[in-house]
Amino acid sequence: LAGFIEPGSHILDLGCGDGGFIDRMFHQSKVTGVGIDFDLGHVVDCLRKNVPVVQGDVDHGLSLFGDQVFDYAVLDRTLQEVKRPRLVLREALRLARPDGKAE
């Protein structure tokens, strides 16, 4: 997955877990990002790594983010766990630019 993301990009990691992906991408490719996860323990793990994170449930939409503000929206191990996959995919497409270049 990391190979598809251009260095210096800004990503949203939906279901970010402990923030490990964003953290690795920052150190390897200077990628910045925001994670979102429902689990408070995961949020705390992100904060310990200095990974920006929002505690939230992706099944309820992501209206706190504007359209196309991220280069990429990542669903690394999340899609199979959500209850409303169509909504989550629609939101991911709304948040990230189709060409991977946020305005």
# chains A, B, ... in the order shown; residues from 1 in each chain; ligands from 1
>>> residues_around(residues="A:His60", least_positions_apart="4", cutoff="12 Å", atoms="only C-alpha atoms", output="PyMOL selection string")
chain A and resi 38+56+64+82-88+90-91
>>> select_by_dssp(residues="stretch 24-93 of chain A", states="alpha helix (DSSP H)", output="ChimeraX atom specification")
/A:24-29,40-48,85-93
>>> residues_around(residues="stretch 12-16 of chain A", least_positions_apart="4", cutoff="9 Å", atoms="only C-alpha atoms", output="PyMOL selection string")
chain A and resi 20-22+32-39+42-43+46+53+57-58+70-79+88+92+95-96
>>> write_last_selection(atoms="N, CA, C and O atoms", output="short mmCIF file (atom, residue, chain, number, x, y, z; two decimals), in the first residue's frame")
data_model
loop_
_atom_site.label_atom_id
_atom_site.label_comp_id
_atom_site.auth_asym_id
_atom_site.auth_seq_id
_atom_site.Cartn_x
_atom_site.Cartn_y
_atom_site.Cartn_z
N GLY A 20 0.30 3.22 13.35
CA GLY A 20 1.56 2.73 12.82
C GLY A 20 1.80 3.05 11.35
O GLY A 20 2.91 3.38 10.96
N PHE A 21 0.75 2.97 10.53
CA PHE A 21 0.91 3.24 9.10
C PHE A 21 1.30 4.69 8.86
O PHE A 21 2.26 4.98 8.14
N ILE A 22 0.57 5.61 9.46
CA ILE A 22 0.89 7.03 9.30
C ILE A 22 2.28 7.32 9.83
O ILE A 22 3.06 8.05 9.21
N THR A 32 2.21 13.20 5.58
CA THR A 32 1.48 13.63 6.77
C THR A 32 0.09 13.02 6.70
O THR A 32 -0.37 12.60 5.65
N GLY A 33 -0.54 12.97 7.84
CA GLY A 33 -1.86 12.38 7.82
C GLY A 33 -2.61 12.52 9.12
O GLY A 33 -2.07 12.97 10.13
N VAL A 34 -3.86 12.13 9.05
CA VAL A 34 -4.76 12.11 10.18
C VAL A 34 -5.37 10.72 10.22
O VAL A 34 -5.78 10.19 9.19
N GLY A 35 -5.44 10.15 11.41
CA GLY A 35 -6.10 8.87 11.57
C GLY A 35 -7.45 9.06 12.21
O GLY A 35 -7.70 10.06 12.91
N ILE A 36 -8.33 8.14 11.96
CA ILE A 36 -9.62 8.13 12.65
C ILE A 36 -9.87 6.70 13.10
O ILE A 36 -9.67 5.75 12.34
N ASP A 37 -10.25 6.55 14.36
CA ASP A 37 -10.50 5.23 14.91
C ASP A 37 -11.53 5.34 16.02
O ASP A 37 -11.58 6.35 16.74
N PHE A 38 -12.33 4.32 16.17
CA PHE A 38 -13.38 4.28 17.18
C PHE A 38 -12.84 3.93 18.56
O PHE A 38 -13.31 4.43 19.58
N ASP A 39 -11.83 3.09 18.60
CA ASP A 39 -11.31 2.53 19.85
C ASP A 39 -10.44 3.55 20.60
O ASP A 39 -9.43 4.03 20.06
N HIS A 42 -6.75 2.76 20.80
CA HIS A 42 -6.01 3.07 19.58
C HIS A 42 -5.71 4.56 19.49
O HIS A 42 -4.62 4.95 19.06
N VAL A 43 -6.67 5.38 19.89
CA VAL A 43 -6.47 6.83 19.87
C VAL A 43 -5.30 7.20 20.78
O VAL A 43 -4.42 7.98 20.41
N CYS A 46 -2.04 6.30 19.16
CA CYS A 46 -1.68 7.30 18.14
C CYS A 46 -1.05 8.52 18.78
O CYS A 46 -0.01 9.02 18.32
N VAL A 53 -4.97 12.30 15.38
CA VAL A 53 -6.04 11.31 15.34
C VAL A 53 -7.33 11.92 15.83
O VAL A 53 -7.33 12.84 16.65
N ASP A 57 -16.51 7.16 14.60
CA ASP A 57 -17.04 5.96 13.97
C ASP A 57 -17.27 6.25 12.49
O ASP A 57 -18.16 7.03 12.14
N VAL A 58 -16.48 5.64 11.62
CA VAL A 58 -16.60 5.91 10.19
C VAL A 58 -17.95 5.50 9.64
O VAL A 58 -18.37 5.99 8.59
N PHE A 70 -7.72 15.66 1.32
CA PHE A 70 -6.63 14.70 1.45
C PHE A 70 -6.22 14.23 0.06
O PHE A 70 -7.02 14.19 -0.87
N ASP A 71 -4.94 13.86 -0.05
CA ASP A 71 -4.48 13.27 -1.30
C ASP A 71 -5.00 11.84 -1.42
O ASP A 71 -5.35 11.39 -2.52
N TYR A 72 -5.02 11.13 -0.31
CA TYR A 72 -5.45 9.73 -0.29
C TYR A 72 -6.27 9.46 0.96
O TYR A 72 -5.96 9.98 2.03
N ALA A 73 -7.28 8.60 0.82
CA ALA A 73 -8.00 8.04 1.97
C ALA A 73 -7.68 6.55 1.99
O ALA A 73 -7.86 5.86 0.99
N VAL A 74 -7.16 6.08 3.10
CA VAL A 74 -6.67 4.71 3.22
C VAL A 74 -7.64 3.89 4.07
O VAL A 74 -8.04 4.31 5.15
N LEU A 75 -8.00 2.73 3.56
CA LEU A 75 -8.81 1.75 4.30
C LEU A 75 -7.99 0.47 4.34
O LEU A 75 -8.21 -0.46 3.57
N ASP A 76 -7.02 0.43 5.21
CA ASP A 76 -6.05 -0.67 5.22
C ASP A 76 -6.64 -1.99 5.71
O ASP A 76 -6.41 -3.02 5.13
N ARG A 77 -7.34 -2.01 6.79
CA ARG A 77 -7.97 -3.24 7.30
C ARG A 77 -9.33 -2.92 7.89
O ARG A 77 -9.75 -3.52 8.86
N THR A 78 -10.01 -1.98 7.31
CA THR A 78 -11.22 -1.45 7.92
C THR A 78 -12.50 -1.87 7.21
O THR A 78 -13.50 -2.15 7.85
N LEU A 79 -12.48 -1.94 5.92
CA LEU A 79 -13.72 -2.11 5.15
C LEU A 79 -14.51 -3.34 5.56
O LEU A 79 -15.73 -3.29 5.67
N VAL A 88 -19.06 4.43 3.80
CA VAL A 88 -17.63 4.62 4.06
C VAL A 88 -16.87 4.83 2.75
O VAL A 88 -16.03 5.73 2.65
N ALA A 92 -14.90 8.17 1.61
CA ALA A 92 -13.48 8.11 1.23
C ALA A 92 -13.27 8.77 -0.13
O ALA A 92 -12.31 9.54 -0.31
N LEU A 95 -13.52 12.60 0.24
CA LEU A 95 -12.44 13.24 1.00
C LEU A 95 -11.12 13.31 0.25
O LEU A 95 -10.31 14.21 0.49
N ALA A 96 -10.87 12.37 -0.63
CA ALA A 96 -9.58 12.30 -1.33
C ALA A 96 -9.77 12.62 -2.80
O ALA A 96 -10.77 12.26 -3.41
#
>>> closest_residue(among="A:Lys30, A:Asp18, A:Ile5, A:Asp67", to="A:Arg48", atoms="only C-alpha atoms")
A:Asp18
>>> select_by_dssp(residues="chain A", states="strand (DSSP E)", output="PyMOL selection string")
chain A and resi 10-14+32-37+53-55+72-74
>>> residues_around(residues="A:Asp23", least_positions_apart="3", cutoff="8 Å", atoms="only C-alpha atoms", output="JSON, numbers by chain")
{"A": [19, 20, 26, 27, 49, 51]}
>>> closest_residue(among="A:Leu40, A:Glu81, A:Ile11, A:Gln55", to="A:Val69", atoms="only C-alpha atoms")
A:Ile11
>>> atom_distance(atom1="atom CA of A:Arg24", atom2="atom CA of A:Ala2")
9.1 Å
>>> decode(residues="stretch 30-65 of chain A", atoms="N, CA, C and O atoms", output="PDB file, in the first residue's frame")
ATOM      1  N   LYS A  30       7.893  11.236   4.367  1.00  0.00           N
ATOM      2  CA  LYS A  30       7.425  12.575   4.748  1.00  0.00           C
ATOM      3  C   LYS A  30       5.943  12.784   4.427  1.00  0.00           C
ATOM      4  O   LYS A  30       5.504  13.874   4.089  1.00  0.00           O
ATOM      5  N   VAL A  31       5.176  11.702   4.508  1.00  0.00           N
ATOM      6  CA  VAL A  31       3.728  11.769   4.333  1.00  0.00           C
ATOM      7  C   VAL A  31       3.123  12.237   5.645  1.00  0.00           C
ATOM      8  O   VAL A  31       3.489  11.751   6.712  1.00  0.00           O
ATOM      9  N   THR A  32       2.213  13.204   5.580  1.00  0.00           N
ATOM     10  CA  THR A  32       1.483  13.634   6.765  1.00  0.00           C
ATOM     11  C   THR A  32       0.091  13.017   6.704  1.00  0.00           C
ATOM     12  O   THR A  32      -0.366  12.603   5.646  1.00  0.00           O
ATOM     13  N   GLY A  33      -0.542  12.968   7.844  1.00  0.00           N
ATOM     14  CA  GLY A  33      -1.859  12.378   7.825  1.00  0.00           C
ATOM     15  C   GLY A  33      -2.606  12.523   9.121  1.00  0.00           C
ATOM     16  O   GLY A  33      -2.066  12.974  10.131  1.00  0.00           O
ATOM     17  N   VAL A  34      -3.855  12.131   9.048  1.00  0.00           N
ATOM     18  CA  VAL A  34      -4.758  12.113  10.185  1.00  0.00           C
ATOM     19  C   VAL A  34      -5.375  10.720  10.223  1.00  0.00           C
ATOM     20  O   VAL A  34      -5.783  10.189   9.189  1.00  0.00           O
ATOM     21  N   GLY A  35      -5.436  10.151  11.409  1.00  0.00           N
ATOM     22  CA  GLY A  35      -6.096   8.872  11.573  1.00  0.00           C
ATOM     23  C   GLY A  35      -7.454   9.064  12.212  1.00  0.00           C
ATOM     24  O   GLY A  35      -7.700  10.057  12.905  1.00  0.00           O
ATOM     25  N   ILE A  36      -8.330   8.140  11.959  1.00  0.00           N
ATOM     26  CA  ILE A  36      -9.619   8.129  12.647  1.00  0.00           C
ATOM     27  C   ILE A  36      -9.867   6.697  13.096  1.00  0.00           C
ATOM     28  O   ILE A  36      -9.670   5.752  12.339  1.00  0.00           O
ATOM     29  N   ASP A  37     -10.245   6.555  14.364  1.00  0.00           N
ATOM     30  CA  ASP A  37     -10.502   5.226  14.912  1.00  0.00           C
ATOM     31  C   ASP A  37     -11.533   5.342  16.025  1.00  0.00           C
ATOM     32  O   ASP A  37     -11.579   6.349  16.742  1.00  0.00           O
ATOM     33  N   PHE A  38     -12.334   4.315  16.168  1.00  0.00           N
ATOM     34  CA  PHE A  38     -13.383   4.285  17.183  1.00  0.00           C
ATOM     35  C   PHE A  38     -12.838   3.930  18.565  1.00  0.00           C
ATOM     36  O   PHE A  38     -13.306   4.431  19.580  1.00  0.00           O
ATOM     37  N   ASP A  39     -11.826   3.088  18.600  1.00  0.00           N
ATOM     38  CA  ASP A  39     -11.306   2.535  19.849  1.00  0.00           C
ATOM     39  C   ASP A  39     -10.443   3.554  20.595  1.00  0.00           C
ATOM     40  O   ASP A  39      -9.432   4.028  20.065  1.00  0.00           O
ATOM     41  N   LEU A  40     -10.823   3.868  21.826  1.00  0.00           N
ATOM     42  CA  LEU A  40     -10.084   4.848  22.622  1.00  0.00           C
ATOM     43  C   LEU A  40      -8.637   4.413  22.857  1.00  0.00           C
ATOM     44  O   LEU A  40      -7.720   5.237  22.831  1.00  0.00           O
ATOM     45  N   GLY A  41      -8.396   3.129  23.055  1.00  0.00           N
ATOM     46  CA  GLY A  41      -7.035   2.630  23.228  1.00  0.00           C
ATOM     47  C   GLY A  41      -6.170   2.913  22.009  1.00  0.00           C
ATOM     48  O   GLY A  41      -4.996   3.279  22.132  1.00  0.00           O
ATOM     49  N   HIS A  42      -6.745   2.760  20.805  1.00  0.00           N
ATOM     50  CA  HIS A  42      -6.013   3.068  19.581  1.00  0.00           C
ATOM     51  C   HIS A  42      -5.711   4.559  19.492  1.00  0.00           C
ATOM     52  O   HIS A  42      -4.623   4.953  19.062  1.00  0.00           O
ATOM     53  N   VAL A  43      -6.670   5.380  19.886  1.00  0.00           N
ATOM     54  CA  VAL A  43      -6.469   6.826  19.870  1.00  0.00           C
ATOM     55  C   VAL A  43      -5.300   7.204  20.784  1.00  0.00           C
ATOM     56  O   VAL A  43      -4.419   7.983  20.411  1.00  0.00           O
ATOM     57  N   VAL A  44      -5.266   6.622  21.957  1.00  0.00           N
ATOM     58  CA  VAL A  44      -4.168   6.882  22.903  1.00  0.00           C
ATOM     59  C   VAL A  44      -2.841   6.428  22.305  1.00  0.00           C
ATOM     60  O   VAL A  44      -1.831   7.141  22.393  1.00  0.00           O
ATOM     61  N   ASP A  45      -2.818   5.267  21.653  1.00  0.00           N
ATOM     62  CA  ASP A  45      -1.592   4.784  21.009  1.00  0.00           C
ATOM     63  C   ASP A  45      -1.113   5.763  19.942  1.00  0.00           C
ATOM     64  O   ASP A  45       0.089   6.024  19.822  1.00  0.00           O
ATOM     65  N   CYS A  46      -2.040   6.299  19.161  1.00  0.00           N
ATOM     66  CA  CYS A  46      -1.682   7.297  18.139  1.00  0.00           C
ATOM     67  C   CYS A  46      -1.053   8.523  18.780  1.00  0.00           C
ATOM     68  O   CYS A  46      -0.015   9.017  18.322  1.00  0.00           O
ATOM     69  N   LEU A  47      -1.688   9.007  19.829  1.00  0.00           N
ATOM     70  CA  LEU A  47      -1.186  10.209  20.490  1.00  0.00           C
ATOM     71  C   LEU A  47       0.213   9.987  21.063  1.00  0.00           C
ATOM     72  O   LEU A  47       1.051  10.890  21.028  1.00  0.00           O
ATOM     73  N   ARG A  48       0.472   8.791  21.533  1.00  0.00           N
ATOM     74  CA  ARG A  48       1.820   8.472  22.041  1.00  0.00           C
ATOM     75  C   ARG A  48       2.869   8.530  20.937  1.00  0.00           C
ATOM     76  O   ARG A  48       4.036   8.787  21.200  1.00  0.00           O
ATOM     77  N   LYS A  49       2.444   8.287  19.710  1.00  0.00           N
ATOM     78  CA  LYS A  49       3.353   8.343  18.557  1.00  0.00           C
ATOM     79  C   LYS A  49       3.338   9.719  17.892  1.00  0.00           C
ATOM     80  O   LYS A  49       3.939   9.895  16.836  1.00  0.00           O
ATOM     81  N   ASN A  50       2.599  10.658  18.466  1.00  0.00           N
ATOM     82  CA  ASN A  50       2.424  11.993  17.873  1.00  0.00           C
ATOM     83  C   ASN A  50       1.728  11.941  16.516  1.00  0.00           C
ATOM     84  O   ASN A  50       1.991  12.770  15.644  1.00  0.00           O
ATOM     85  N   VAL A  51       0.863  10.967  16.331  1.00  0.00           N
ATOM     86  CA  VAL A  51       0.072  10.855  15.111  1.00  0.00           C
ATOM     87  C   VAL A  51      -1.252  11.577  15.345  1.00  0.00           C
ATOM     88  O   VAL A  51      -1.985  11.240  16.279  1.00  0.00           O
ATOM     89  N   PRO A  52      -1.570  12.583  14.522  1.00  0.00           N
ATOM     90  CA  PRO A  52      -2.859  13.257  14.662  1.00  0.00           C
ATOM     91  C   PRO A  52      -4.000  12.257  14.473  1.00  0.00           C
ATOM     92  O   PRO A  52      -3.989  11.461  13.525  1.00  0.00           O
ATOM     93  N   VAL A  53      -4.965  12.298  15.378  1.00  0.00           N
ATOM     94  CA  VAL A  53      -6.035  11.308  15.342  1.00  0.00           C
ATOM     95  C   VAL A  53      -7.329  11.922  15.834  1.00  0.00           C
ATOM     96  O   VAL A  53      -7.329  12.838  16.651  1.00  0.00           O
ATOM     97  N   VAL A  54      -8.433  11.397  15.308  1.00  0.00           N
ATOM     98  CA  VAL A  54      -9.773  11.765  15.731  1.00  0.00           C
ATOM     99  C   VAL A  54     -10.468  10.489  16.169  1.00  0.00           C
ATOM    100  O   VAL A  54     -10.407   9.479  15.458  1.00  0.00           O
ATOM    101  N   GLN A  55     -11.088  10.527  17.334  1.00  0.00           N
ATOM    102  CA  GLN A  55     -11.882   9.374  17.735  1.00  0.00           C
ATOM    103  C   GLN A  55     -13.246   9.517  17.094  1.00  0.00           C
ATOM    104  O   GLN A  55     -13.938  10.523  17.270  1.00  0.00           O
ATOM    105  N   GLY A  56     -13.635   8.535  16.307  1.00  0.00           N
ATOM    106  CA  GLY A  56     -14.913   8.598  15.633  1.00  0.00           C
ATOM    107  C   GLY A  56     -15.261   7.274  14.993  1.00  0.00           C
ATOM    108  O   GLY A  56     -14.425   6.383  14.854  1.00  0.00           O
ATOM    109  N   ASP A  57     -16.511   7.163  14.597  1.00  0.00           N
ATOM    110  CA  ASP A  57     -17.039   5.958  13.974  1.00  0.00           C
ATOM    111  C   ASP A  57     -17.269   6.245  12.492  1.00  0.00           C
ATOM    112  O   ASP A  57     -18.161   7.028  12.141  1.00  0.00           O
ATOM    113  N   VAL A  58     -16.483   5.637  11.623  1.00  0.00           N
ATOM    114  CA  VAL A  58     -16.595   5.908  10.192  1.00  0.00           C
ATOM    115  C   VAL A  58     -17.954   5.496   9.635  1.00  0.00           C
ATOM    116  O   VAL A  58     -18.367   5.991   8.587  1.00  0.00           O
ATOM    117  N   ASP A  59     -18.676   4.614  10.324  1.00  0.00           N
ATOM    118  CA  ASP A  59     -20.012   4.215   9.891  1.00  0.00           C
ATOM    119  C   ASP A  59     -21.032   5.343   9.988  1.00  0.00           C
ATOM    120  O   ASP A  59     -22.121   5.238   9.451  1.00  0.00           O
ATOM    121  N   HIS A  60     -20.698   6.416  10.674  1.00  0.00           N
ATOM    122  CA  HIS A  60     -21.612   7.548  10.807  1.00  0.00           C
ATOM    123  C   HIS A  60     -21.220   8.716   9.931  1.00  0.00           C
ATOM    124  O   HIS A  60     -21.708   9.825  10.100  1.00  0.00           O
ATOM    125  N   GLY A  61     -20.323   8.486   8.997  1.00  0.00           N
ATOM    126  CA  GLY A  61     -19.914   9.541   8.085  1.00  0.00           C
ATOM    127  C   GLY A  61     -18.751  10.340   8.636  1.00  0.00           C
ATOM    128  O   GLY A  61     -18.344  10.199   9.793  1.00  0.00           O
ATOM    129  N   LEU A  62     -18.218  11.178   7.806  1.00  0.00           N
ATOM    130  CA  LEU A  62     -17.025  11.949   8.149  1.00  0.00           C
ATOM    131  C   LEU A  62     -17.235  13.417   7.814  1.00  0.00           C
ATOM    132  O   LEU A  62     -16.390  14.062   7.202  1.00  0.00           O
ATOM    133  N   SER A  63     -18.380  13.951   8.221  1.00  0.00           N
ATOM    134  CA  SER A  63     -18.741  15.320   7.867  1.00  0.00           C
ATOM    135  C   SER A  63     -17.814  16.370   8.478  1.00  0.00           C
ATOM    136  O   SER A  63     -17.829  17.513   8.051  1.00  0.00           O
ATOM    137  N   LEU A  64     -16.977  15.991   9.445  1.00  0.00           N
ATOM    138  CA  LEU A  64     -16.064  16.971  10.026  1.00  0.00           C
ATOM    139  C   LEU A  64     -14.923  17.324   9.080  1.00  0.00           C
ATOM    140  O   LEU A  64     -14.198  18.270   9.306  1.00  0.00           O
ATOM    141  N   PHE A  65     -14.775  16.575   7.981  1.00  0.00           N
ATOM    142  CA  PHE A  65     -13.756  16.858   6.982  1.00  0.00           C
ATOM    143  C   PHE A  65     -14.404  17.371   5.710  1.00  0.00           C
ATOM    144  O   PHE A  65     -15.444  16.884   5.282  1.00  0.00           O
TER     145      PHE A  65
END
